[in-house]
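Participant: This is upload-v7.pdb (PDB, C-alpha atoms, pLDDT in the B column).
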```pdb
ATOM      1  CA  MET A  29      -7.106 -16.053  51.260  1.00 49.00           C
ATOM      2  CA  LEU A  30      -8.579 -18.059  48.366  1.00 47.00           C
ATOM      3  CA  MET A  31     -11.164 -15.339  47.649  1.00 47.00           C
ATOM      4  CA  SER A  32      -8.452 -12.722  47.755  1.00 53.00           C
ATOM      5  CA  LEU A  33      -6.392 -14.690  45.212  1.00 46.00           C
ATOM      6  CA  ARG A  34      -9.438 -15.127  42.982  1.00 50.00           C
ATOM      7  CA  SER A  35     -10.199 -11.415  43.184  1.00 47.00           C
ATOM      8  CA  LEU A  36      -6.613 -10.594  42.269  1.00 43.00           C
ATOM      9  CA  LEU A  37      -6.679 -12.907  39.274  1.00 42.00           C
ATOM     10  CA  ALA A  38     -10.021 -11.491  38.133  1.00 42.00           C
ATOM     11  CA  ALA A  39      -8.740  -7.935  38.421  1.00 41.00           C
ATOM     12  CA  SER A  40      -5.614  -8.863  36.490  1.00 45.00           C
ATOM     13  CA  LEU A  41      -7.701 -10.467  33.729  1.00 42.00           C
ATOM     14  CA  LEU A  42      -9.971  -7.428  33.485  1.00 39.00           C
ATOM     15  CA  MET A  43      -6.966  -5.125  33.282  1.00 42.00           C
ATOM     16  CA  SER A  44      -5.434  -7.266  30.535  1.00 41.00           C
ATOM     17  CA  MET A  45      -8.694  -7.238  28.587  1.00 40.00           C
ATOM     18  CA  SER A  46      -8.984  -3.483  28.985  1.00 38.00           C
ATOM     19  CA  ILE A  47      -5.446  -2.941  27.645  1.00 37.00           C
ATOM     20  CA  GLU A  48      -6.179  -5.221  24.691  1.00 41.00           C
ATOM     21  CA  LEU A  49      -9.456  -3.455  23.920  1.00 43.00           C
ATOM     22  CA  HIS A  50      -7.716  -0.077  23.909  1.00 54.00           C
ATOM     23  CA  ALA A  51      -4.622  -1.200  22.003  1.00 69.00           C
ATOM     24  CA  ASP A  52      -3.834   0.746  18.873  1.00 87.00           C
ATOM     25  CA  SER A  53      -4.669  -1.069  15.659  1.00 92.00           C
ATOM     26  CA  LEU A  54      -2.638  -0.629  12.478  1.00 95.00           C
ATOM     27  CA  TYR A  55      -3.784  -1.771   9.038  1.00 97.00           C
ATOM     28  CA  VAL A  56      -1.076  -2.168   6.398  1.00 98.00           C
ATOM     29  CA  PHE A  57      -1.769  -2.265   2.659  1.00 97.00           C
ATOM     30  CA  VAL A  58       1.233  -1.830   0.396  1.00 96.00           C
ATOM     31  CA  PRO A  59       1.029  -3.663  -2.962  1.00 93.00           C
ATOM     32  CA  SER A  60       4.226  -5.659  -3.216  1.00 90.00           C
ATOM     33  CA  GLU A  61       5.633  -8.989  -4.293  1.00 89.00           C
ATOM     34  CA  VAL A  62       6.268  -9.667  -0.604  1.00 93.00           C
ATOM     35  CA  ARG A  63       3.363 -11.633   0.873  1.00 94.00           C
ATOM     36  CA  ALA A  64       1.068  -9.774   3.253  1.00 95.00           C
ATOM     37  CA  ASN A  65       1.608 -12.250   6.102  1.00 96.00           C
ATOM     38  CA  VAL A  66       5.391 -11.720   5.870  1.00 96.00           C
ATOM     39  CA  ILE A  67       4.958  -7.944   6.033  1.00 96.00           C
ATOM     40  CA  GLU A  68       2.560  -8.348   8.967  1.00 96.00           C
ATOM     41  CA  ASP A  69       4.826 -10.624  10.986  1.00 96.00           C
ATOM     42  CA  THR A  70       7.888  -8.464  10.355  1.00 96.00           C
ATOM     43  CA  ILE A  71       6.156  -5.255  11.443  1.00 96.00           C
ATOM     44  CA  LYS A  72       4.707  -6.998  14.505  1.00 95.00           C
ATOM     45  CA  SER A  73       8.257  -7.827  15.593  1.00 92.00           C
ATOM     46  CA  LYS A  74       8.906  -4.071  15.932  1.00 90.00           C
ATOM     47  CA  CYS A  75       5.469  -3.009  17.190  1.00 88.00           C
ATOM     48  CA  SER A  76       4.682  -4.763  20.448  1.00 85.00           C
ATOM     49  CA  GLY A  77       1.437  -3.481  21.908  1.00 86.00           C
ATOM     50  CA  ILE A  78      -0.032  -2.641  18.487  1.00 92.00           C
ATOM     51  CA  ASP A  79      -2.527  -4.897  16.730  1.00 94.00           C
ATOM     52  CA  VAL A  80      -1.047  -5.125  13.201  1.00 96.00           C
ATOM     53  CA  THR A  81      -2.981  -6.529  10.230  1.00 97.00           C
ATOM     54  CA  ALA A  82      -1.584  -6.519   6.687  1.00 97.00           C
ATOM     55  CA  PHE A  83      -3.639  -6.965   3.518  1.00 97.00           C
ATOM     56  CA  GLY A  84      -2.670  -8.198   0.087  1.00 94.00           C
ATOM     57  CA  ARG A  85      -5.710  -6.963  -1.842  1.00 94.00           C
ATOM     58  CA  ALA A  86      -7.438  -3.582  -2.070  1.00 94.00           C
ATOM     59  CA  LYS A  87     -10.867  -5.230  -1.804  1.00 93.00           C
ATOM     60  CA  ASP A  88     -10.080  -6.866   1.549  1.00 95.00           C
ATOM     61  CA  PHE A  89      -8.533  -3.673   2.894  1.00 96.00           C
ATOM     62  CA  ALA A  90     -11.491  -1.516   1.811  1.00 94.00           C
ATOM     63  CA  THR A  91     -14.073  -3.918   3.249  1.00 95.00           C
ATOM     64  CA  ILE A  92     -12.630  -4.025   6.762  1.00 94.00           C
ATOM     65  CA  MET A  93     -11.908  -0.298   6.701  1.00 94.00           C
ATOM     66  CA  LYS A  94     -15.668   0.240   6.498  1.00 92.00           C
ATOM     67  CA  THR A  95     -16.685  -2.291   9.141  1.00 94.00           C
ATOM     68  CA  GLU A  96     -13.792  -2.107  11.627  1.00 94.00           C
ATOM     69  CA  PRO A  97     -11.723   1.046  11.055  1.00 92.00           C
ATOM     70  CA  PRO A  98      -8.324   0.994  12.793  1.00 94.00           C
ATOM     71  CA  SER A  99      -6.458   3.602  14.814  1.00 92.00           C
ATOM     72  CA  ALA A 100      -3.926   4.015  12.005  1.00 95.00           C
ATOM     73  CA  ILE A 101      -3.111   2.940   8.481  1.00 96.00           C
ATOM     74  CA  LEU A 102       0.192   2.401   6.688  1.00 97.00           C
ATOM     75  CA  THR A 103      -0.363   2.575   2.941  1.00 97.00           C
ATOM     76  CA  LEU A 104       0.267   4.580  -0.211  1.00 97.00           C
ATOM     77  CA  LEU A 105      -0.581   8.258   0.033  1.00 95.00           C
ATOM     78  CA  PRO A 106      -3.400   8.167  -2.580  1.00 95.00           C
ATOM     79  CA  ILE A 107      -5.204   5.552  -0.473  1.00 96.00           C
ATOM     80  CA  ILE A 108      -4.903   7.731   2.626  1.00 96.00           C
ATOM     81  CA  ASP A 109      -6.267  10.705   0.698  1.00 93.00           C
ATOM     82  CA  TYR A 110      -9.148   8.631  -0.658  1.00 93.00           C
ATOM     83  CA  ASN A 111     -10.222   7.409   2.784  1.00 90.00           C
ATOM     84  CA  GLY A 112     -10.385  10.998   4.002  1.00 86.00           C
ATOM     85  CA  VAL A 113     -10.731  10.506   7.764  1.00 87.00           C
ATOM     86  CA  PHE A 114      -7.044   9.809   8.430  1.00 92.00           C
ATOM     87  CA  LYS A 115      -4.388  12.447   9.011  1.00 92.00           C
ATOM     88  CA  THR A 116      -0.928  11.732   7.603  1.00 94.00           C
ATOM     89  CA  VAL A 117       1.695  11.911  10.359  1.00 93.00           C
ATOM     90  CA  MET A 118       4.718  10.315   8.679  1.00 95.00           C
ATOM     91  CA  LYS A 119       5.812   9.963   5.064  1.00 97.00           C
ATOM     92  CA  GLY A 120       8.121   7.338   3.679  1.00 97.00           C
ATOM     93  CA  ALA A 121      10.962   8.658   1.545  1.00 97.00           C
ATOM     94  CA  LYS A 122      13.306   7.134  -1.000  1.00 96.00           C
ATOM     95  CA  ASP A 123      16.463   8.907  -2.113  1.00 95.00           C
ATOM     96  CA  GLY A 124      15.264  11.957  -0.201  1.00 96.00           C
ATOM     97  CA  VAL A 125      11.834  12.352  -1.831  1.00 97.00           C
ATOM     98  CA  THR A 126       8.383  11.211  -0.708  1.00 97.00           C
ATOM     99  CA  ASP A 127       6.927  10.411  -4.118  1.00 97.00           C
ATOM    100  CA  GLU A 128       7.938   8.287  -7.091  1.00 96.00           C
ATOM    101  CA  SER A 129       7.858   8.528 -10.871  1.00 97.00           C
ATOM    102  CA  TYR A 130       5.429   6.329 -12.811  1.00 97.00           C
ATOM    103  CA  VAL A 131       5.942   4.879 -16.271  1.00 98.00           C
ATOM    104  CA  PHE A 132       4.115   3.078 -19.045  1.00 98.00           C
ATOM    105  CA  VAL A 133       5.503  -0.404 -19.703  1.00 98.00           C
ATOM    106  CA  THR A 134       5.215  -2.135 -23.068  1.00 97.00           C
ATOM    107  CA  ILE A 135       6.977  -4.954 -24.902  1.00 96.00           C
ATOM    108  CA  ASP A 136       9.716  -4.271 -27.493  1.00 96.00           C
ATOM    109  CA  LYS A 137       8.915  -0.625 -28.255  1.00 94.00           C
ATOM    110  CA  PRO A 138       7.729   2.433 -26.297  1.00 95.00           C
ATOM    111  CA  ILE A 139       4.154   3.622 -26.467  1.00 95.00           C
ATOM    112  CA  ASP A 140       3.330   6.733 -28.458  1.00 94.00           C
ATOM    113  CA  LEU A 141       1.866   9.041 -25.808  1.00 93.00           C
ATOM    114  CA  THR A 142      -0.458  10.582 -28.389  1.00 91.00           C
ATOM    115  CA  GLN A 143      -2.035   7.153 -28.916  1.00 91.00           C
ATOM    116  CA  VAL A 144      -2.854   6.239 -25.292  1.00 92.00           C
ATOM    117  CA  ALA A 145      -6.582   7.080 -25.400  1.00 88.00           C
ATOM    118  CA  GLY A 146      -8.607   3.901 -25.784  1.00 88.00           C
ATOM    119  CA  LYS A 147      -5.730   1.577 -24.890  1.00 93.00           C
ATOM    120  CA  LYS A 148      -6.229  -1.073 -22.220  1.00 96.00           C
ATOM    121  CA  ILE A 149      -4.025  -0.130 -19.270  1.00 97.00           C
ATOM    122  CA  GLY A 150      -3.017  -2.676 -16.625  1.00 97.00           C
ATOM    123  CA  VAL A 151      -2.698  -1.505 -13.019  1.00 97.00           C
ATOM    124  CA  VAL A 152      -2.556  -2.917  -9.524  1.00 97.00           C
ATOM    125  CA  ASP A 153      -5.861  -2.003  -7.911  1.00 96.00           C
ATOM    126  CA  LEU A 154      -5.503   0.429  -5.001  1.00 96.00           C
ATOM    127  CA  LEU A 155      -8.987   1.870  -4.581  1.00 95.00           C
ATOM    128  CA  GLY A 156     -11.641  -0.285  -6.236  1.00 92.00           C
ATOM    129  CA  ARG A 157     -13.104  -0.173  -9.736  1.00 92.00           C
ATOM    130  CA  LYS A 158     -14.668   3.295 -10.017  1.00 94.00           C
ATOM    131  CA  PRO A 159     -12.313   5.317  -7.767  1.00 94.00           C
ATOM    132  CA  MET A 160      -9.261   3.665  -9.331  1.00 96.00           C
ATOM    133  CA  SER A 161     -10.483   4.594 -12.795  1.00 94.00           C
ATOM    134  CA  GLU A 162     -11.098   8.178 -11.676  1.00 94.00           C
ATOM    135  CA  PHE A 163      -7.668   8.366 -10.034  1.00 95.00           C
ATOM    136  CA  VAL A 164      -5.737   7.139 -13.072  1.00 95.00           C
ATOM    137  CA  THR A 165      -7.831   9.272 -15.438  1.00 94.00           C
ATOM    138  CA  GLN A 166      -6.951  12.335 -13.377  1.00 93.00           C
ATOM    139  CA  LEU A 167      -3.241  11.453 -13.394  1.00 95.00           C
ATOM    140  CA  LEU A 168      -3.066  10.774 -17.132  1.00 93.00           C
ATOM    141  CA  GLN A 169      -5.547  13.431 -18.239  1.00 91.00           C
ATOM    142  CA  THR A 170      -7.068  11.165 -20.883  1.00 88.00           C
ATOM    143  CA  ASP A 171      -9.843   8.602 -21.272  1.00 85.00           C
ATOM    144  CA  ILE A 172      -8.705   5.146 -20.239  1.00 87.00           C
ATOM    145  CA  LYS A 173      -9.764   1.524 -20.023  1.00 93.00           C
ATOM    146  CA  LEU A 174      -8.333  -0.117 -16.924  1.00 96.00           C
ATOM    147  CA  LYS A 175      -7.500  -3.764 -16.411  1.00 96.00           C
ATOM    148  CA  ARG A 176      -7.112  -4.128 -12.650  1.00 96.00           C
ATOM    149  CA  VAL A 177      -5.222  -6.914 -10.916  1.00 96.00           C
ATOM    150  CA  SER A 178      -4.910  -7.635  -7.213  1.00 93.00           C
ATOM    151  CA  LYS A 179      -1.170  -8.217  -7.021  1.00 92.00           C
ATOM    152  CA  VAL A 180       2.035  -6.929  -8.577  1.00 93.00           C
ATOM    153  CA  GLU A 181       2.943 -10.399  -9.861  1.00 93.00           C
ATOM    154  CA  ASP A 182      -0.296 -10.477 -11.890  1.00 95.00           C
ATOM    155  CA  LEU A 183       0.733  -7.488 -14.040  1.00 96.00           C
ATOM    156  CA  LEU A 184       3.117  -9.129 -16.518  1.00 95.00           C
ATOM    157  CA  PRO A 185       0.621 -11.804 -17.622  1.00 95.00           C
ATOM    158  CA  LEU A 186      -1.669  -8.958 -18.710  1.00 95.00           C
ATOM    159  CA  LEU A 187       0.982  -7.913 -21.247  1.00 93.00           C
ATOM    160  CA  SER A 188       2.202 -11.346 -22.266  1.00 92.00           C
ATOM    161  CA  PHE A 189      -1.343 -12.640 -22.933  1.00 94.00           C
ATOM    162  CA  GLY A 190      -2.560  -9.430 -24.562  1.00 93.00           C
ATOM    163  CA  SER A 191      -5.134  -8.579 -21.906  1.00 95.00           C
ATOM    164  CA  ALA A 192      -3.592  -5.090 -21.612  1.00 96.00           C
ATOM    165  CA  ASP A 193      -1.766  -2.911 -24.124  1.00 96.00           C
ATOM    166  CA  ILE A 194       0.212  -0.989 -21.500  1.00 97.00           C
ATOM    167  CA  LEU A 195       1.082  -1.285 -17.818  1.00 98.00           C
ATOM    168  CA  PHE A 196       0.997   1.795 -15.597  1.00 98.00           C
ATOM    169  CA  VAL A 197       3.390   1.220 -12.709  1.00 97.00           C
ATOM    170  CA  SER A 198       5.912   2.908 -10.468  1.00 96.00           C
ATOM    171  CA  GLU A 199       9.496   3.057 -11.670  1.00 95.00           C
ATOM    172  CA  SER A 200      10.574   0.688  -8.892  1.00 94.00           C
ATOM    173  CA  VAL A 201       7.978  -1.913  -9.928  1.00 95.00           C
ATOM    174  CA  TYR A 202       9.217  -1.633 -13.511  1.00 96.00           C
ATOM    175  CA  GLU A 203      12.818  -2.201 -12.417  1.00 94.00           C
ATOM    176  CA  GLY A 204      11.725  -5.282 -10.478  1.00 92.00           C
ATOM    177  CA  MET A 205       9.883  -6.626 -13.519  1.00 93.00           C
ATOM    178  CA  LYS A 206      12.920  -6.188 -15.763  1.00 93.00           C
ATOM    179  CA  GLN A 207      15.071  -8.199 -13.389  1.00 90.00           C
ATOM    180  CA  LYS A 208      12.657 -11.132 -13.325  1.00 89.00           C
ATOM    181  CA  SER A 209      11.151 -11.243 -16.822  1.00 90.00           C
ATOM    182  CA  GLN A 210      12.641 -12.519 -20.068  1.00 91.00           C
ATOM    183  CA  LEU A 211      10.354 -10.178 -22.016  1.00 92.00           C
ATOM    184  CA  ASN A 212      11.918  -7.128 -23.649  1.00 95.00           C
ATOM    185  CA  LEU A 213      10.177  -4.617 -21.425  1.00 96.00           C
ATOM    186  CA  VAL A 214      10.379  -0.947 -22.339  1.00 97.00           C
ATOM    187  CA  ALA A 215       9.465   2.010 -20.122  1.00 97.00           C
ATOM    188  CA  THR A 216       8.004   5.273 -21.386  1.00 97.00           C
ATOM    189  CA  ARG A 217       8.635   8.060 -18.876  1.00 95.00           C
ATOM    190  CA  LEU A 218       5.669  10.118 -17.743  1.00 96.00           C
ATOM    191  CA  ASP A 219       5.285  13.442 -16.023  1.00 95.00           C
ATOM    192  CA  VAL A 220       3.485  11.670 -13.173  1.00 96.00           C
ATOM    193  CA  ARG A 221       4.584  11.190  -9.572  1.00 96.00           C
ATOM    194  CA  VAL A 222       2.632   9.397  -6.844  1.00 97.00           C
ATOM    195  CA  GLY A 223       3.182   9.516  -3.086  1.00 96.00           C
ATOM    196  CA  LEU A 224       5.038   6.646  -1.429  1.00 97.00           C
ATOM    197  CA  VAL A 225       3.858   4.686   1.598  1.00 97.00           C
ATOM    198  CA  SER A 226       2.838   6.900   4.506  1.00 97.00           C
ATOM    199  CA  ALA A 227       1.375   6.513   7.990  1.00 96.00           C
ATOM    200  CA  ALA A 228      -1.862   8.190   9.026  1.00 95.00           C
ATOM    201  CA  LEU A 229      -3.943   8.309  12.199  1.00 93.00           C
ATOM    202  CA  LYS A 230      -7.692   8.620  12.612  1.00 87.00           C
ATOM    203  CA  GLU A 231      -8.507  12.262  13.304  1.00 73.00           C
ATOM    204  CA  ASP A 232      -9.541  11.501  16.901  1.00 66.00           C
ATOM    205  CA  ALA A 233      -6.501   9.298  17.629  1.00 61.00           C
ATOM    206  CA  LYS A 234      -3.902  10.798  19.962  1.00 60.00           C
ATOM    207  CA  SER A 235      -1.491   7.930  20.611  1.00 60.00           C
ATOM    208  CA  GLY A 236       2.076   8.259  19.373  1.00 79.00           C
ATOM    209  CA  SER A 237       2.735   4.542  19.612  1.00 85.00           C
ATOM    210  CA  VAL A 238       2.362   4.004  15.855  1.00 87.00           C
ATOM    211  CA  SER A 239       4.879   6.749  15.063  1.00 87.00           C
ATOM    212  CA  GLN A 240       7.270   5.318  17.657  1.00 89.00           C
ATOM    213  CA  CYS A 241       6.879   1.893  16.071  1.00 91.00           C
ATOM    214  CA  ILE A 242       7.664   3.169  12.561  1.00 93.00           C
ATOM    215  CA  GLN A 243      10.771   4.910  13.842  1.00 91.00           C
ATOM    216  CA  LYS A 244      12.028   1.434  14.837  1.00 92.00           C
ATOM    217  CA  PHE A 245      11.709   0.036  11.299  1.00 95.00           C
ATOM    218  CA  ASP A 246      14.983  -1.382  10.049  1.00 95.00           C
ATOM    219  CA  GLN A 247      16.367  -1.549   6.516  1.00 95.00           C
ATOM    220  CA  ASP A 248      14.614  -4.834   5.740  1.00 93.00           C
ATOM    221  CA  ILE A 249      11.153  -3.523   6.681  1.00 95.00           C
ATOM    222  CA  ASN A 250      11.684  -0.279   4.807  1.00 96.00           C
ATOM    223  CA  LYS A 251      12.777  -2.188   1.707  1.00 94.00           C
ATOM    224  CA  MET A 252       9.580  -4.264   1.854  1.00 94.00           C
ATOM    225  CA  LEU A 253       7.599  -1.019   1.943  1.00 96.00           C
ATOM    226  CA  GLY A 254       9.553   0.611  -0.879  1.00 95.00           C
ATOM    227  CA  VAL A 255      11.244   3.364   1.143  1.00 97.00           C
ATOM    228  CA  ASP A 256      14.591   3.977   2.858  1.00 96.00           C
ATOM    229  CA  ALA A 257      13.687   6.605   5.477  1.00 96.00           C
ATOM    230  CA  TRP A 258      10.762   8.294   7.246  1.00 97.00           C
ATOM    231  CA  GLN A 259       9.849  11.941   7.620  1.00 95.00           C
ATOM    232  CA  ALA A 260       7.653  13.078  10.534  1.00 92.00           C
ATOM    233  CA  LEU A 261       5.137  15.818   9.748  1.00 88.00           C
TER     234      LEU A 261
END
```
Starting from the coordinates I provided, produce the structure as structure tokens.
Facilitator:
Amino acid sequence: MLMSLRSLLAASLLMSMSIELHADSLYVFVPSEVRANVIEDTIKSKCSGIDVTAFGRAKDFATIMKTEPPSAILTLLPIIDYNGVFKTVMKGAKDGVTDESYVFVTIDKPIDLTQVAGKKIGVVDLLGRKPMSEFVTQLLQTDIKLKRVSKVEDLLPLLSFGSADILFVSESVYEGMKQKSQLNLVATRLDVRVGLVSAALKEDAKSGSVSQCIQKFDQDINKMLGVDAWQAL
């Protein structure tokens, strides 16, 4: 009887370990003023059975992506495209569209778009030094000098202390800055749009649990991620 009970407990433990080993893993990297641990805990509350890890810095995200790639990632579309081995299965949308306008931000007066070449441009790092420079150069179609920061809240000090001449940010980030800063911030509209947060699976992943999880996201989670709805592909 005792041996039978021990065998049952051992089998149960092995089964539990097997389920854990085969659980889907989701990495989340969405630059935001919301702390990564808050995003992680909130998503975990909707995604039982999925191992969720959120990152606050591009460097940390990129490092673990190389050493321990997950089943799925939830991040901005350019990051998904850069990683290459993930297939986008859901796109976040805001006001019915899946991308967002970007602007230049300066203090007191708008930037002359003919004078951008050679200016120091502040950005939140998404991809690392070289790929981020290549990405922004491609978007702006001009030579640039980037000043990268790890977090959204580090952008304004670049302007106020003169470390950058311009900030290159999404329109929503600009609106957030205006609400919180006493500086006279001015946006210069650009003909540039960048994809919002999206979900992507590794090419060999077949589980739909991540998609099912995202479909459970409520208004608070979506707001943290900068979207208001999701579109399945």
Participant: To test your reading of the syntax: which residues would the PyMOL selection byres ((chain A and resi 217) around 9) return for the file shown? Reply as a PDB file with C-alpha atoms, in the coordinates of the input.
Facilitator:
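The file below, result.pdb, is the result:
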```pdb
ATOM      1  CA  SER A 129       7.858   8.528 -10.871  1.00 97.00           C
ATOM      2  CA  TYR A 130       5.429   6.329 -12.811  1.00 97.00           C
ATOM      3  CA  VAL A 131       5.942   4.879 -16.271  1.00 98.00           C
ATOM      4  CA  PHE A 132       4.115   3.078 -19.045  1.00 98.00           C
ATOM      5  CA  GLU A 199       9.496   3.057 -11.670  1.00 95.00           C
ATOM      6  CA  ALA A 215       9.465   2.010 -20.122  1.00 97.00           C
ATOM      7  CA  THR A 216       8.004   5.273 -21.386  1.00 97.00           C
ATOM      8  CA  LEU A 218       5.669  10.118 -17.743  1.00 96.00           C
ATOM      9  CA  ASP A 219       5.285  13.442 -16.023  1.00 95.00           C
ATOM     10  CA  VAL A 220       3.485  11.670 -13.173  1.00 96.00           C
TER      11      VAL A 220
END
```
Participant: Please identify every residue of range 82-151 of chain A that has at least one atom no farther than 9 Å from an atom of range 155-165 of chain A, counting all atoms listed in the file, and for each give the shortest atom pair and the distance in Å to one decimal, arranged by chain then increasing number, as a Markdown table.
Facilitator:
```
| residue | atom | partner | partner_atom | distance |
| --- | --- | --- | --- | --- |
| A:Ala86 | CA | A:Leu155 | CA | 6.2 |
| A:Lys87 | CA | A:Gly156 | CA | 6.7 |
| A:Ala90 | CA | A:Leu155 | CA | 7.7 |
| A:Pro106 | CA | A:Phe163 | CA | 8.6 |
| A:Ile107 | CA | A:Leu155 | CA | 6.7 |
| A:Tyr110 | CA | A:Leu155 | CA | 7.8 |
```
Participant: If we count all atoms listed in the file and set the cut-off at 8 Å, which residues sit around Arg85 in chain A, ignoring sequence neighbours fewer than 5 positions away in its own chain? Please answer as a list in words.
Facilitator: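 Result of the neighbour search: Phe57, Pro59, Asp153, Ser178 and Lys179 of chain A.
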Participant: If you count all atoms listed in the file, which residues fall within 12 Å of Lys206 in chain A, apart from same-chain ones fewer than 4 positions away, as an MDAnalysis selection string?
Facilitator: chainID A and resid 133:135 184 199:202 210:215
Participant: Please identify all polymer residues within 9 Å of Gly150 in chain A, counting all atoms listed in the file, omitting same-chain residues fewer than 3 positions from it, and present them as a ChimeraX atom specification.
Facilitator: /A:173-177,183-184,186-187,191-197
Participant: Taking 2 positions as the minimum chain separation for residues in the same chain, which residues sit within 10 Å of range 60-72 of chain A when counting all atoms listed in the file? Answer as a compact mmCIF listing (two decimals) with C-alpha atoms, in the coordinates of the input.
Facilitator:
```txt
# COMPACT_ATOMS: atom_id res chain seq x y z
CA LEU A 54 -2.64 -0.63 12.48
CA TYR A 55 -3.78 -1.77 9.04
CA VAL A 56 -1.08 -2.17 6.40
CA PHE A 57 -1.77 -2.26 2.66
CA VAL A 58 1.23 -1.83 0.40
CA LYS A 74 8.91 -4.07 15.93
CA CYS A 75 5.47 -3.01 17.19
CA SER A 76 4.68 -4.76 20.45
CA GLY A 77 1.44 -3.48 21.91
CA ILE A 78 -0.03 -2.64 18.49
CA ASP A 79 -2.53 -4.90 16.73
CA VAL A 80 -1.05 -5.12 13.20
CA THR A 81 -2.98 -6.53 10.23
CA ALA A 82 -1.58 -6.52 6.69
CA PHE A 83 -3.64 -6.96 3.52
CA GLY A 84 -2.67 -8.20 0.09
CA ARG A 85 -5.71 -6.96 -1.84
CA VAL A 152 -2.56 -2.92 -9.52
CA LYS A 179 -1.17 -8.22 -7.02
CA VAL A 180 2.04 -6.93 -8.58
CA GLU A 181 2.94 -10.40 -9.86
CA ASP A 182 -0.30 -10.48 -11.89
CA VAL A 201 7.98 -1.91 -9.93
CA GLY A 204 11.72 -5.28 -10.48
CA CYS A 241 6.88 1.89 16.07
CA ILE A 242 7.66 3.17 12.56
CA LYS A 244 12.03 1.43 14.84
CA PHE A 245 11.71 0.04 11.30
CA ASP A 246 14.98 -1.38 10.05
CA ASP A 248 14.61 -4.83 5.74
CA ILE A 249 11.15 -3.52 6.68
CA ASN A 250 11.68 -0.28 4.81
CA MET A 252 9.58 -4.26 1.85
CA LEU A 253 7.60 -1.02 1.94
CA GLY A 254 9.55 0.61 -0.88
```
Participant: What does the PyMOL selection byres ((chain A and resi 109) around 12) select in this file, as a list in words?
Facilitator: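 After applying the PyMOL selection byres ((chain A and resi 109) around 12), what remains is Ile101, Thr103, Leu104, Leu105, Pro106, Ile107, Ile108, Tyr110, Asn111, Gly112, Val113, Phe114, Lys115, Thr116, Leu154, Leu155, Pro159, Phe163, Val222, Gly223, Val225, Ser226, Ala227, Ala228 and Leu229 of chain A.
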Participant: Identify which of the residues A:Ser188, A:Lys137, A:Leu261, A:Met118 lies closest to Gln243 in chain A, counting only C-alpha atoms when measuring atom-to-atom distances.
Facilitator: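 The closest residue to Gln243 in chain A is A:Met118.
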Participant: Apply the PyMOL selection byres ((chain A and resi 127) around 7) to the file shown and report the selected residues as a list in words.
Facilitator: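 Given this file, the PyMOL selection byres ((chain A and resi 127) around 7) evaluates to Val125, Thr126, Glu128, Arg221, Val222, Gly223 and Leu224 of chain A.
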Participant: Just the number, please: distance in Å from CA of Lys122 in chain A to CA of Leu102 in chain A, one decimal.
Facilitator: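 Going from CA of Lys122 in chain A over to CA of Leu102 in chain A covers 15.9 Å.
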Participant: Looking at only C-alpha atoms, which of A:Met205, A:Asp171, A:Lys230, A:Gln166 is the one that sits closest to Met93 in chain A?
Facilitator: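 Closest to Met93 in chain A of all the choices is A:Lys230.
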Participant: As an exercise, work out the distance from CA of Pro97 in chain A to CA of Asp52 in chain A in Å and give it to one decimal place.
Facilitator: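 We find that CA of Pro97 in chain A and CA of Asp52 in chain A lie 11.1 Å from each other.
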Participant: Between CA of Ser99 in chain A and CA of Gly120 in chain A, what is the distance, to one decimal in Å?
Facilitator: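 Those two atoms sit 18.7 Å apart.
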Participant: Which one of A:Val117, A:Ile172, A:Glu96, A:Ser198 sits closest to Gly146 in chain A if you count all atoms listed in the file?
Facilitator: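 Distance minimum relative to Gly146 in chain A lands on A:Ile172.
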Participant: Show me, as lines of an AutoDock Vina configuration file, the centre and edge lengths in Å to one decimal of the axis-aligned box that covers every listed atom of range 217-236 of chain A with 3 Å on each side.
Facilitator:
```
center_x = -0.5
center_y = 9.1
center_z = 0.9
size_x = 24.2
size_y = 14.8
size_z = 45.5
```
